[in-house]
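Presented below is the structure to which this report refers.
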Amino acid sequence: MDRRASFDNLWLAGALVAPQILLVVVFFYWPTLQALYWAFSTQPPFGGTNQWVGWQNFQQIFTDAVYWNSVRVSIIFATLSTALSISMALLLALMIDRQLAGHKAYRFVYFWPYAIAAPAVGLAFRFIFAPDAGFVSAINQLAPNLWNPALKGWDAMILIVIANSWKMMAYNFIFFLAALQSIPRGLIEAAAMDGSGVLRRARDIQIPLLAPTLFFLLVINITESFVDSFGIVDITTGGGPARATDLMVFKIYSDGFKGLDYSMAAAQSIVLMLLVIGLTFVQFRYVEKRVHYA
Amino acid sequence: MSKRILAAAALAATSLGLAVPAQAQQRIQFEFWYGLTGRLGEIMEEHCKRFNDSQTKYEAKCVGQGGYDKAEQNTIAAFRSKQHPTLVQIYDAGTVNFMLSGATYNAPDLARDFAMKIDWSGYFPGISNYYATSKGQMWSFPYNSSTALLYWNKDAWAKIGKTKGPETIEEWWDDLRAMKKAGIECGFAFDYDTWMPLEQFSAIHNLPIATKNNGYDGLDAEVMFNKTKFADYMKDWKKLLDEGVARIQTAQTGKTILQAFTDGSCASMLSSVANHGVVGSTAKPGLNWGVAKLPVYKDFKRHNSLVGGASLWVLQGKSKPEYEAAAAYIQFLLQPKEEQWFADVTGYIPVTQAGYKAMVDAGFYADPKRQGREIAIESLTFTPPTAVSRGIRLGNFTQIRAEIRSELEAAFTGKKDVQTALDDAAARSNQILRRFEQTFKGKQLP
C-alpha cells in the first residue's frame, strides 16, 4: 500500500514548504557546513584567511584528557537528569490524573518552570543552594561543610542536575498527563473493580500504555541535556569546581567564545552533533523495538 | 508577477526604513561599547553623558556589554558581521588579540589624522609600557587603570595589637595565625582570580610568568610560572586554607571576596584599587578598613605592580565623522578635570602624570574618604618597570587564566597536589600559546 501523499500542484506544494526549508537551511545546514569547514582549518578570531589543518583539531581534542572529562560529565549529567526529570514528572502526572484535591491548580502550576529561561533557573538555584547564604545553608549549620558546590565536584553536579530536571520535569509532566488522560477510563475502572490498587494499576496498565510517550520523552530529554544545558551551567557553576561540571556544550562555549578558538569549538560541536545523532539512532534502533504504539 | 515583486520590495523597504530613526540627527553620532558592569558600568554611562552635555557637535552612544570578556567577544562577533562600534573598551588581557587583529585604527594614526593633543610621554610609564608595542607606541588609549592592593580590616588587626598592615608575606601569615588565636574565623578571603596572586605577585617580585620577557619578544613564548616563587605562594595559600585561617569566597559559595570583606566576616583580601569606592560605599557601618601595598616575600626586593583595567581601541571600517567624534571623546576623557571626576567616583587612578599632579595639588588625596588611594600610584611607580614587571603579552591570555583557575580549583579542593596542578596548568597554557601561534601563523607582534 502506498501511503505517500501526492500533490497535483507541485509548485504550490513547493511554495508552501519553502519558508520552512529556507529556515532549516539558513539556521541549520548552512551553520553546520560552516562549522565543518572551520573544524578542519584554523579560523582567526577577527576572520580572515583560514589555514587548512586536516584532522589536527580532532586529534587534539581526542588526545585531550580534559575533553574526555567533559564527555564523561556530560554523560553523567544526561543520565541523572533524564532519570530524575522523567520519574518525577511521571509521579506528578499519575497523582494529578487521579484527580486528588486541588489537582486543577497543580496541573496549572507544574508547567510553569518550563516557561522560565534557563539562566533564570540557574540564578534561582544558585541562591537556593549557596552554601553560605542560601536556604540550604541550614544543612551546613548542622553539619559543617556537608554541602558546598563551590568546592565539591559532586555537589556541583547534583546542583545542575536538580536545576535542569526541575525545568525539564515541567515539560515531561504535560506530555505524561496528556497521555494518561487519553487512556480509556474504562480500563482503569475495570481494573479497579477487579480489586487492583493504585500502584498495581499504574504498573500494569498506565505505564505500559505510556510507552510511546516515555520513549519520546527519553529521546528529547537526553538530547536536551546534551545540547541545551548551557544556561544553567554558566550561571550556577561556570563549569567548576575543577571542571566537575564542564559539560561538552559549555566547553564549546568557553573554548570558542572565551578562548576565541573558533576552530576548536567547531570541531567539538561536530563531535557533539555526531554523538547526539548516534544516541538518537541507538534509541530508535534498539529501544523503540520495545515500544508498542496503540 | 513583476508587480508582486515590486510590491514585496516596497514592503521590505518600508520595514527596513522603520529601523532608521525617523528624523535626521543634527549631531554626529558614534558608538562606544564598554565592558564594565554594576556601579562602574553606570559610571561609564555618566561619563558619556558628561561628554554629550559638554558640547553640541557630537553624540556618544554608549552601550554596556555585560563584562570585559563579553565586550571583547561581542566586538569580535560584531566586527565579523560589520556591525561593530567605532570605539571599544578592551581589558588588559585582550590587548594582544587586538594588536594582531588588523582590525584597529591605531592611536598614533588617529591622533595624527585628527590633530589630537596628546602628550605620549605624559602617561605613567607603568601604564604606557604595558600597552606599548616593541617600538614604544601605544595603539590604544589607556582608560580606566588600576592596580591591586591589600585591603585589611583595622579592627581585626587591632585585636592582635597591630596598627599597620603587613609589609611582607611572612608577616601577613603570622598575623593571620595570630588572629585565628584571637578568635577571628576568617583572616583572609580569596577566590580563583589569577590577576592578584599570579600577575601582580610576579610583577612586584620581578618574576617572569613566561619566557621571552612575558611574551613581549615573540609569539613563541612559553609559560614558566610553575617554576617560580609563585608556586610556593600558592602552596602557602593551600596551607592557610587547611589551617582554617583563610577561606575561599566566590559567588557560588554565596559571598564574593568583596562582600565577605565589606560585611566584616573576612579580615583581608587582595583586590583592585578600582573597588576602593565600592568598598567605601558598601562597607557595613563602622567597618574600619585600610589599604596597603601588596605584601612581598621578605627575601625579595619590591618592584612596581602592574596596571590593570582597560584601554580604548578604535576600530576600522567607520566613517570620517565618526572617527572625528571618537577622537573628540578621547580628548575629552583626557582633560585633567575629567580624569579627576572619574578617579573620584571610581577609585581608578589617573592615567597621566599631569592629571595626577592636578589632583594632588587640589588636595584630592587628603580627603579621608579617599585615604589610601595614593598607595596605588605608589605601588605602580615603585620602581621603573623591568622587562618582566612591565606586563604580560601572551596570546589568548583569557584562556590561560581560565586554565590556571581550573587547576587552582583542583588544588585548593584537595583533588591535586598544588605543584602538580600548576605543572598541568603550565602544560595546558603552553598548548594554548602554540595554538595561538599557529592561528596567527606568519604574524609578528608589533
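Naming scheme: A, B, ... for chains in displayed order of the C-alpha cells; residues 1 onward per chain; ligands 1 onward as shown.
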
For the contact check between segment 131-152 of chain B and segment 97-115 of chain B, emit one row per residue of segment 131-152 of chain B within 9 Å, containing the shortest atom pair and the distance in Å rounded to one decimal, counting only C-alpha atoms, chain then rising number order, as a Markdown table.
| residue | atom | partner | partner_atom | distance |
| --- | --- | --- | --- | --- |
| B:Thr133 | CA | B:Met99 | CA | 8.6 |
| B:Gln137 | CA | B:Pro108 | CA | 7.4 |
| B:Met138 | CA | B:Ala107 | CA | 6.6 |
| B:Trp139 | CA | B:Asn106 | CA | 4.6 |
| B:Ser140 | CA | B:Ala107 | CA | 5.2 |
| B:Phe141 | CA | B:Ala107 | CA | 6.5 |

Between segment 346-435 of chain B and segment 229-250 of chain B, at 12 Å or less, what are the per-residue closest atom pairs and their distances in Å? Count only C-alpha atoms, order by chain and rising residue number, and return it as CSV.
residue,atom,partner,partner_atom,distance
B:Ile404,CA,B:Met234,CA,11.4
B:Arg405,CA,B:Met234,CA,11.9
B:Glu407,CA,B:Met234,CA,11.4
B:Leu408,CA,B:Met234,CA,8.5
B:Glu409,CA,B:Ile248,CA,10.0
B:Ala410,CA,B:Lys238,CA,11.1
B:Ala411,CA,B:Lys238,CA,7.7
B:Phe412,CA,B:Lys238,CA,5.9
B:Thr413,CA,B:Lys238,CA,8.9
B:Gly414,CA,B:Lys238,CA,8.8
B:Lys415,CA,B:Lys238,CA,11.9
B:Lys416,CA,B:Lys238,CA,11.1
B:Asp417,CA,B:Lys235,CA,8.9
B:Val418,CA,B:Lys235,CA,6.1
B:Gln419,CA,B:Ala231,CA,6.7
B:Thr420,CA,B:Ala231,CA,10.1
B:Ala421,CA,B:Ala231,CA,9.9
B:Leu422,CA,B:Ala231,CA,7.2
B:Asp423,CA,B:Ala231,CA,9.4
B:Ala425,CA,B:Ala231,CA,11.5
B:Ala426,CA,B:Ala231,CA,11.3

Pick out the closest residue to chain A from this set: B:Leu207, B:Ala251, B:Ala132, B:Ala189. Count only C-alpha atoms.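 Of B:Leu207, B:Ala251, B:Ala132, B:Ala189, the one nearest chain A, counting only C-alpha atoms, is B:Ala251.
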
Could the residues of chain A that have an atom at most 8 Å from chain B be listed as a Markdown table, each with its closest atom pair and the distance in Å to one decimal, counting only C-alpha atoms and ordered by chain and ascending residue number?
| residue | atom | partner | partner_atom | distance |
| --- | --- | --- | --- | --- |
| A:Thr42 | CA | B:Thr439 | CA | 5.7 |
| A:Gln43 | CA | B:Thr439 | CA | 6.7 |
| A:Pro44 | CA | B:Thr439 | CA | 5.8 |
| A:Pro45 | CA | B:Ile76 | CA | 6.9 |
| A:Phe46 | CA | B:Ile76 | CA | 5.8 |
| A:Gly47 | CA | B:Arg80 | CA | 6.3 |
| A:Gln51 | CA | B:Thr439 | CA | 7.9 |
| A:Arg126 | CA | B:Gln252 | CA | 6.8 |
| A:Phe127 | CA | B:Gly254 | CA | 7.2 |
| A:Ala130 | CA | B:Gly254 | CA | 4.9 |
| A:Pro131 | CA | B:Thr253 | CA | 5.3 |
| A:Asp132 | CA | B:Gly254 | CA | 5.1 |
| A:Ala133 | CA | B:Gly254 | CA | 5.2 |
| A:Gly134 | CA | B:Gly254 | CA | 7.0 |
| A:Asn148 | CA | B:Thr253 | CA | 7.0 |
| A:Pro149 | CA | B:Gln252 | CA | 7.1 |
| A:Ala150 | CA | B:Gln252 | CA | 5.3 |
| A:Leu151 | CA | B:Thr413 | CA | 5.8 |
| A:Lys152 | CA | B:Thr413 | CA | 7.1 |
| A:Thr236 | CA | B:Gln252 | CA | 6.9 |
| A:Thr237 | CA | B:Gln252 | CA | 6.8 |
| A:Gly240 | CA | B:Ser406 | CA | 7.0 |
| A:Pro241 | CA | B:Glu409 | CA | 5.7 |
| A:Ala242 | CA | B:Ser406 | CA | 4.7 |
| A:Arg243 | CA | B:Ser406 | CA | 6.4 |
| A:Asp255 | CA | B:Gln399 | CA | 7.7 |
| A:Phe257 | CA | B:Gln73 | CA | 6.2 |
| A:Lys258 | CA | B:Gln399 | CA | 6.8 |
| A:Gly259 | CA | B:Gln399 | CA | 5.0 |
| A:Leu260 | CA | B:Asn396 | CA | 7.4 |

What are the DSSP strand (DSSP E or B) residues of segment 17-111 of chain B, as a PDB file with N, CA and C atoms, in the first residue's frame?
ATOM      1  N   ILE B  28      26.790  64.526  15.224  1.00  0.00           N
ATOM      2  CA  ILE B  28      27.489  63.366  14.679  1.00  0.00           C
ATOM      3  C   ILE B  28      27.530  62.301  15.771  1.00  0.00           C
ATOM      4  N   GLN B  29      26.980  61.147  15.439  1.00  0.00           N
ATOM      5  CA  GLN B  29      26.932  60.103  16.466  1.00  0.00           C
ATOM      6  C   GLN B  29      28.035  59.083  16.238  1.00  0.00           C
ATOM      7  N   PHE B  30      28.458  58.488  17.342  1.00  0.00           N
ATOM      8  CA  PHE B  30      29.328  57.314  17.195  1.00  0.00           C
ATOM      9  C   PHE B  30      29.021  56.381  18.354  1.00  0.00           C
ATOM     10  N   GLU B  31      29.350  55.114  18.152  1.00  0.00           N
ATOM     11  CA  GLU B  31      29.031  54.140  19.191  1.00  0.00           C
ATOM     12  C   GLU B  31      30.268  53.781  20.001  1.00  0.00           C
ATOM     13  N   PHE B  32      30.060  53.644  21.301  1.00  0.00           N
ATOM     14  CA  PHE B  32      31.139  53.235  22.201  1.00  0.00           C
ATOM     15  C   PHE B  32      30.641  52.058  23.031  1.00  0.00           C
ATOM     16  N   TRP B  33      31.375  50.947  22.983  1.00  0.00           N
ATOM     17  CA  TRP B  33      30.992  49.777  23.778  1.00  0.00           C
ATOM     18  C   TRP B  33      31.925  49.663  24.972  1.00  0.00           C
ATOM     19  N   TYR B  34      31.351  49.395  26.126  1.00  0.00           N
ATOM     20  CA  TYR B  34      32.189  49.228  27.312  1.00  0.00           C
ATOM     21  C   TYR B  34      31.865  47.910  28.019  1.00  0.00           C
ATOM     22  N   TYR B  58      28.902  66.545  18.813  1.00  0.00           N
ATOM     23  CA  TYR B  58      28.988  65.088  18.738  1.00  0.00           C
ATOM     24  C   TYR B  58      28.070  64.456  19.764  1.00  0.00           C
ATOM     25  N   GLU B  59      27.753  63.198  19.492  1.00  0.00           N
ATOM     26  CA  GLU B  59      26.970  62.465  20.477  1.00  0.00           C
ATOM     27  C   GLU B  59      27.511  61.045  20.602  1.00  0.00           C
ATOM     28  N   ALA B  60      27.943  60.712  21.805  1.00  0.00           N
ATOM     29  CA  ALA B  60      28.429  59.360  22.054  1.00  0.00           C
ATOM     30  C   ALA B  60      27.247  58.484  22.444  1.00  0.00           C
ATOM     31  N   LYS B  61      27.128  57.333  21.778  1.00  0.00           N
ATOM     32  CA  LYS B  61      26.097  56.370  22.175  1.00  0.00           C
ATOM     33  C   LYS B  61      26.812  55.220  22.861  1.00  0.00           C
ATOM     34  N   CYS B  62      26.623  55.133  24.166  1.00  0.00           N
ATOM     35  CA  CYS B  62      27.409  54.176  24.936  1.00  0.00           C
ATOM     36  C   CYS B  62      26.566  52.952  25.268  1.00  0.00           C
ATOM     37  N   VAL B  63      27.113  51.788  24.999  1.00  0.00           N
ATOM     38  CA  VAL B  63      26.366  50.549  25.184  1.00  0.00           C
ATOM     39  C   VAL B  63      27.178  49.595  26.044  1.00  0.00           C
ATOM     40  N   GLY B  64      26.620  49.194  27.174  1.00  0.00           N
ATOM     41  CA  GLY B  64      27.285  48.233  28.045  1.00  0.00           C
ATOM     42  C   GLY B  64      27.164  46.834  27.467  1.00  0.00           C
ATOM     43  N   LEU B  87      34.349  52.807  18.820  1.00  0.00           N
ATOM     44  CA  LEU B  87      35.275  52.810  19.955  1.00  0.00           C
ATOM     45  C   LEU B  87      34.867  51.694  20.912  1.00  0.00           C
ATOM     46  N   VAL B  88      35.859  50.987  21.452  1.00  0.00           N
ATOM     47  CA  VAL B  88      35.516  49.918  22.380  1.00  0.00           C
ATOM     48  C   VAL B  88      36.529  49.860  23.517  1.00  0.00           C
ATOM     49  N   GLN B  89      36.005  49.512  24.697  1.00  0.00           N
ATOM     50  CA  GLN B  89      36.857  49.374  25.879  1.00  0.00           C
ATOM     51  C   GLN B  89      37.286  47.911  25.974  1.00  0.00           C
ATOM     52  N   ILE B  90      38.586  47.675  25.846  1.00  0.00           N
ATOM     53  CA  ILE B  90      39.087  46.295  25.880  1.00  0.00           C
ATOM     54  C   ILE B  90      40.039  46.134  27.056  1.00  0.00           C
ATOM     55  N   TYR B  91      39.841  45.079  27.826  1.00  0.00           N
ATOM     56  CA  TYR B  91      40.669  44.907  29.036  1.00  0.00           C
ATOM     57  C   TYR B  91      42.092  44.488  28.687  1.00  0.00           C
ATOM     58  N   THR B 104      42.172  47.333  13.676  1.00  0.00           N
ATOM     59  CA  THR B 104      42.169  48.536  14.502  1.00  0.00           C
ATOM     60  C   THR B 104      42.701  49.750  13.759  1.00  0.00           C
TER      61      THR B 104
END

May I have all residues of segment 164-244 of chain A that DSSP, computed from the backbone, assigns to helix (DSSP H, G or I), given as JSON, numbers by chain? {"A": [164, 165, 166, 167, 168, 169, 170, 171, 172, 173, 174, 175, 176, 177, 178, 179, 180, 181, 185, 186, 187, 188, 189, 190, 191, 192, 193, 198, 199, 200, 201, 202, 203, 204, 205, 206, 207, 208, 209, 211, 212, 213, 214, 215, 216, 217, 218, 219, 220, 221, 222, 223, 224, 225, 226, 227, 230, 231, 232, 233, 234, 235, 236]}

Store the residues picked out above, limited to C-alpha atoms, as a tab-separated table (two decimals), in the first residue's frame.
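Dumped everything to again-v4.tsv:
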chain	number	residue	atom	x	y	z
A	164	ASN	CA	17.85	21.08	34.90
A	165	SER	CA	15.42	18.35	35.99
A	166	TRP	CA	13.19	20.89	37.67
A	167	LYS	CA	12.85	22.68	34.37
A	168	MET	CA	12.51	19.59	32.18
A	169	MET	CA	10.11	17.95	34.59
A	170	ALA	CA	7.51	20.57	33.70
A	171	TYR	CA	7.78	19.72	30.05
A	172	ASN	CA	7.62	15.98	30.67
A	173	PHE	CA	4.69	16.41	33.01
A	174	ILE	CA	2.44	17.89	30.32
A	175	PHE	CA	3.17	15.03	27.94
A	176	PHE	CA	2.57	12.38	30.59
A	177	LEU	CA	-0.64	13.97	31.71
A	178	ALA	CA	-1.97	14.22	28.17
A	179	ALA	CA	-1.06	10.59	27.55
A	180	LEU	CA	-2.64	9.44	30.81
A	181	GLN	CA	-5.84	11.25	30.02
A	185	ARG	CA	-11.23	5.32	31.75
A	186	GLY	CA	-12.95	2.01	31.27
A	187	LEU	CA	-9.67	0.12	31.51
A	188	ILE	CA	-8.76	1.72	34.79
A	189	GLU	CA	-12.21	1.29	36.21
A	190	ALA	CA	-12.35	-2.35	35.19
A	191	ALA	CA	-9.05	-2.98	36.89
A	192	ALA	CA	-10.27	-1.19	39.97
A	193	MET	CA	-13.36	-3.34	40.05
A	198	VAL	CA	-3.42	2.35	42.68
A	199	LEU	CA	0.14	1.11	42.33
A	200	ARG	CA	-0.88	-2.06	40.57
A	201	ARG	CA	-2.97	-0.13	38.05
A	202	ALA	CA	-0.12	2.26	37.43
A	203	ARG	CA	2.37	-0.55	36.95
A	204	ASP	CA	0.31	-2.89	34.83
A	205	ILE	CA	-1.92	-0.59	32.84
A	206	GLN	CA	-0.96	3.05	32.80
A	207	ILE	CA	2.81	2.89	32.48
A	208	PRO	CA	2.81	0.24	29.72
A	209	LEU	CA	0.30	2.32	27.80
A	211	ALA	CA	5.44	3.60	26.49
A	212	PRO	CA	5.33	5.71	23.30
A	213	THR	CA	5.29	8.91	25.35
A	214	LEU	CA	8.04	7.60	27.58
A	215	PHE	CA	10.17	6.82	24.55
A	216	PHE	CA	9.57	10.22	23.01
A	217	LEU	CA	10.49	11.95	26.25
A	218	LEU	CA	13.58	9.84	26.66
A	219	VAL	CA	14.88	10.94	23.29
A	220	ILE	CA	14.01	14.58	23.90
A	221	ASN	CA	15.43	14.67	27.44
A	222	ILE	CA	18.72	13.08	26.54
A	223	THR	CA	19.15	15.38	23.57
A	224	GLU	CA	18.23	18.43	25.62
A	225	SER	CA	20.63	17.55	28.41
A	226	PHE	CA	23.47	17.32	25.92
A	227	VAL	CA	22.80	20.41	23.88
A	230	PHE	CA	24.48	25.76	28.81
A	231	GLY	CA	22.39	28.45	30.52
A	232	ILE	CA	22.19	26.64	33.83
A	233	VAL	CA	25.87	25.71	33.97
A	234	ASP	CA	27.02	29.18	33.02
A	235	ILE	CA	25.12	30.80	35.87
A	236	THR	CA	25.47	28.23	38.65

Hey, which of A:Trp30, A:Asn140, A:Ala15, A:Ala39 ends up closest to Ala265 of chain A? Count only C-alpha atoms.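 So, comparing all the options, the nearest one is A:Ala39.
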
If we count only C-alpha atoms and set the cut-off at 9 Å, which residues sit around Asp92 of chain B, ignoring sequence neighbours fewer than 3 positions away in its own chain? Please answer as a ChimeraX atom specification. /B:95-96,130-131,307-311,392

Do you have the atom CA of Glu374 of chain B-atom CA of Leu36 of chain B distance handy?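 Between these atoms lies a distance of 22.6 Å.
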